[in-house]
Number of protein chains: 4
Amino acid sequence: MGLGTNRMEAFSDGVIAIIITIMVLEIKVPHGVDFATLQPLIPVFFSYVLSFVYIGIYWNNHHHLLHTVKSVTAPILWTNLHLLFWLSLVPFSTGWMGENHFEAVPVFLYGLTLFATALAYWILQNTIIRSQGQHSILKKAVGRDLKGMASLILYASAIGLAFVDTWISLAIYVGVALLWLIPDRRIEKIFGSASA
Amino acid sequence: MGLGTNRMEAFSDGVIAIIITIMVLEIKVPHGVDFATLQPLIPVFFSYVLSFVYIGIYWNNHHHLLHTVKSVTAPILWTNLHLLFWLSLVPFSTGWMGENHFEAVPVFLYGLTLFATALAYWILQNTIIRSQGQHSILKKAVGRDLKGMASLILYASAIGLAFVDTWISLAIYVGVALLWLIPDRRIEKIFGSASA
Amino acid sequence: MGLGTNRMEAFSDGVIAIIITIMVLEIKVPHGVDFATLQPLIPVFFSYVLSFVYIGIYWNNHHHLLHTVKSVTAPILWTNLHLLFWLSLVPFSTGWMGENHFEAVPVFLYGLTLFATALAYWILQNTIIRSQGQHSILKKAVGRDLKGMASLILYASAIGLAFVDTWISLAIYVGVALLWLIPDRRIEKIFGSASA
Amino acid sequence: MGLGTNRMEAFSDGVIAIIITIMVLEIKVPHGVDFATLQPLIPVFFSYVLSFVYIGIYWNNHHHLLHTVKSVTAPILWTNLHLLFWLSLVPFSTGWMGENHFEAVPVFLYGLTLFATALAYWILQNTIIRSQGQHSILKKAVGRDLKGMASLILYASAIGLAFVDTWISLAIYVGVALLWLIPDRRIEKIFGSASA
């Protein structure tokens, strides 16, 4: 039926745009007026940058993902909302981690949010693949999805390591972000060859 | 005239996207850094999940509903805004219920908000049907609207039962959400047979 | 050139959707759990309803207004942003009036915001008319714009009367809203006859 | 490939619409009810007006800029998100400057935010030019980009001068805004001559 592919895309974009923007509200305007006042905001700022990049990556990949959807089915619609749900918790986890200067439990929770979001993305991806039947264009594009799998394992490790050394966890969060900053050329490649 | 069907859809989507996202601002970043700090947030989180699902359901059904609208009349436009008004109160009711760990009055108010929203949806639906004249495609799709009617009755019961046992009310809220999680295939069916 | 009529419309819709929705954040979640806790929120709620209706009216009329724009010129773009600026102050005025239970100065400021918004709308309307040259379709539609003029005079009166009796001012705000709830059929009429 | 030019535009619009609107949340509803209560809000209000104009300018110029993009490449997508990142910090800087009545460090930080945003815009512009190859339509339109360069130099001066006299810095911020209020006719001109 193709009922509302555009509307699902527009709605997702709206939610992601709001998430990426309201996150800045967690950087509370401080009461002092000198540079020292800004110092406790440095971890808050760093957390904001990291989450901004993550949301940007999700928006970008989501954009490629939905491009392969021809018609929105109920499972696609709900697994998409499920992804948006976990994304919507990123501002909370970001705020808590930043305000508490990377203490163990907030760093753990931040990783848990990233893990759940990545899992939700993976579920959405598989739901789309299943709806496309055999010879799925997306299936060909993601292949065995090594990058997606690696991210899940890395997040899981970072979650555990938060109680050993939070800096290792943070290094992993930054590393996975860098891994994804390279946009998902796999889908572009397939499309490119299809149109060739 | 068909003045602005798309714009009404886009505006509604924008409002619903904002409602579903600002709700997360009610989960206030706590001040402690251990797991115990998160414990009082559990009912807040559960309320958020429930309301996220409800807003998702409304977005989904609204999406099917507007698809049957050929031209936006003033009554459609205003009954649509009326629906958005009640939806916009969901974050408030959710926040109050979650923060107070499901006390009677907040649970009552949450049900009242759900009831008013469902009523507003029903009014919008009937306004669209009336504007389509006899042989309304939407009329055929919703039939006698048993699910809509049942929801109203269930919400009304839950509102009253909040003063007896809030857990019964909460069970009803969860139950009605599950009832609607199955997307409104009635409209899809009619469209499907029309295009067959 | 017709550069970006759709984008101006989409951007305005986005801003208006956010304004109408963040207003609800001014209804702060209270700390008690009984009905008495909700009582001080009644004027906040009433203010919210009134402003929601006003923003709805502006969205509706703006929607008709932009429909007559063929190409966006710099003056149209900036008078449109000027309108959005004043609209964006409505949540503040609404919150202040509601929280202070309709004291004189907040009621005065609320009226001032409505007056400035109405003036900004009038400026945008005239800018569009001027850009359309003689035989402007919008010019024909609004005629001598009696309703617009009456609103400005009524707001001005209400602003002054806030220091005599705030209830008169509030009655005027409600009255003008009712006056506009009837959508602007003047433009629809012209279009209708043009397409006949 | 032209993958998602519209979606990038829509997403940017969404983010900019949210930024321009949530800024108003920094004007906190005061607790008193007389005119004296509003007095400390005057610098907050002035800061809001200034930033509203700046965001409006960016939206307007961004709108012209993206119009020259035929296909979104990864570098365009990421330099665009980079611009949105700095824009998203404007509400914070605005709030801090307004609340502290134009003290030196907040005025300095406000300028720094404007400088970083202008630099991000310049980077996006150059990325688009590079992707268009020789004979870039945008290259022709911006020429040697004197206005962009002048703005960067003026912001840098204002940042330094904040520690000498904040009023000079503020005068520069207002001056640069006025400089840009004249929309970017350079691109329009090229397009105009191209379509002639």
# chains A, B, ... in the order shown; residues from 1 in each chain; ligands from 1
call {"tool": "closest_atom_pairs", "arguments": {"of": "chain C", "to": "chain D", "cutoff": "8 Å", "atoms": "only C-alpha atoms", "output": "Markdown table"}}
result
| residue | atom | partner | partner_atom | distance |
| --- | --- | --- | --- | --- |
| C:Met1 | CA | D:Gly192 | CA | 7.4 |
| C:Gly4 | CA | D:His63 | CA | 7.7 |
| C:Ala10 | CA | D:Asp13 | CA | 8.0 |
| C:Phe11 | CA | D:Asp13 | CA | 6.0 |
| C:Ser12 | CA | D:Ala17 | CA | 8.0 |
| C:Gly14 | CA | D:Ala17 | CA | 5.9 |
| C:Val15 | CA | D:Ala17 | CA | 5.2 |
| C:Ile18 | CA | D:Ile18 | CA | 6.8 |
| C:Ile19 | CA | D:Thr21 | CA | 6.8 |
| C:Ala74 | CA | D:Pro183 | CA | 6.5 |
| C:Leu81 | CA | D:Gly56 | CA | 7.0 |
| C:Phe85 | CA | D:Phe52 | CA | 7.5 |
| C:Ser88 | CA | D:Thr21 | CA | 6.5 |
| C:Leu89 | CA | D:Val24 | CA | 7.0 |
| C:Phe92 | CA | D:Val29 | CA | 6.3 |
| C:Gly95 | CA | D:Val29 | CA | 6.5 |
| C:Trp96 | CA | D:Val29 | CA | 5.5 |
| C:Asn100 | CA | D:Val33 | CA | 6.9 |
| C:Glu103 | CA | D:Val33 | CA | 6.7 |
| C:Ala104 | CA | D:Val33 | CA | 7.8 |
| C:Val105 | CA | D:Asp34 | CA | 5.7 |
| C:Pro106 | CA | D:Val33 | CA | 6.5 |
call {"tool": "residues_around", "arguments": {"residues": "segment 162-167 of chain B", "least_positions_apart": "5", "cutoff": "12 Å", "atoms": "only C-alpha atoms", "output": "list in words"}}
result
Met97, His101, Phe102, Glu103, Ala104, Val105, Pro106, Val107, Phe108, Leu109, Tyr110, Gly111, Leu112, Tyr155, Ala156, Ser157, Ile172, Tyr173, Val174 and Gly175 of chain B; Asp34 of chain C
call {"tool": "atom_distance", "arguments": {"atom1": "atom CA of Gln132 of chain C", "atom2": "atom CA of Thr68 of chain C"}}
result
9.1 Å
call {"tool": "residues_around", "arguments": {"residues": "Lys147 of chain D", "least_positions_apart": "4", "cutoff": "9 Å", "atoms": "only C-alpha atoms", "output": "count of residues only"}}
result
4
call {"tool": "select_by_dssp", "arguments": {"residues": "chain B", "states": "alpha helix (DSSP H)", "output": "VMD selection string"}}
result
chain B and resid 5 to 22 35 to 38 42 to 66 74 to 88 90 to 99 104 to 131 137 to 142 146 to 161 166 to 181 185 to 195
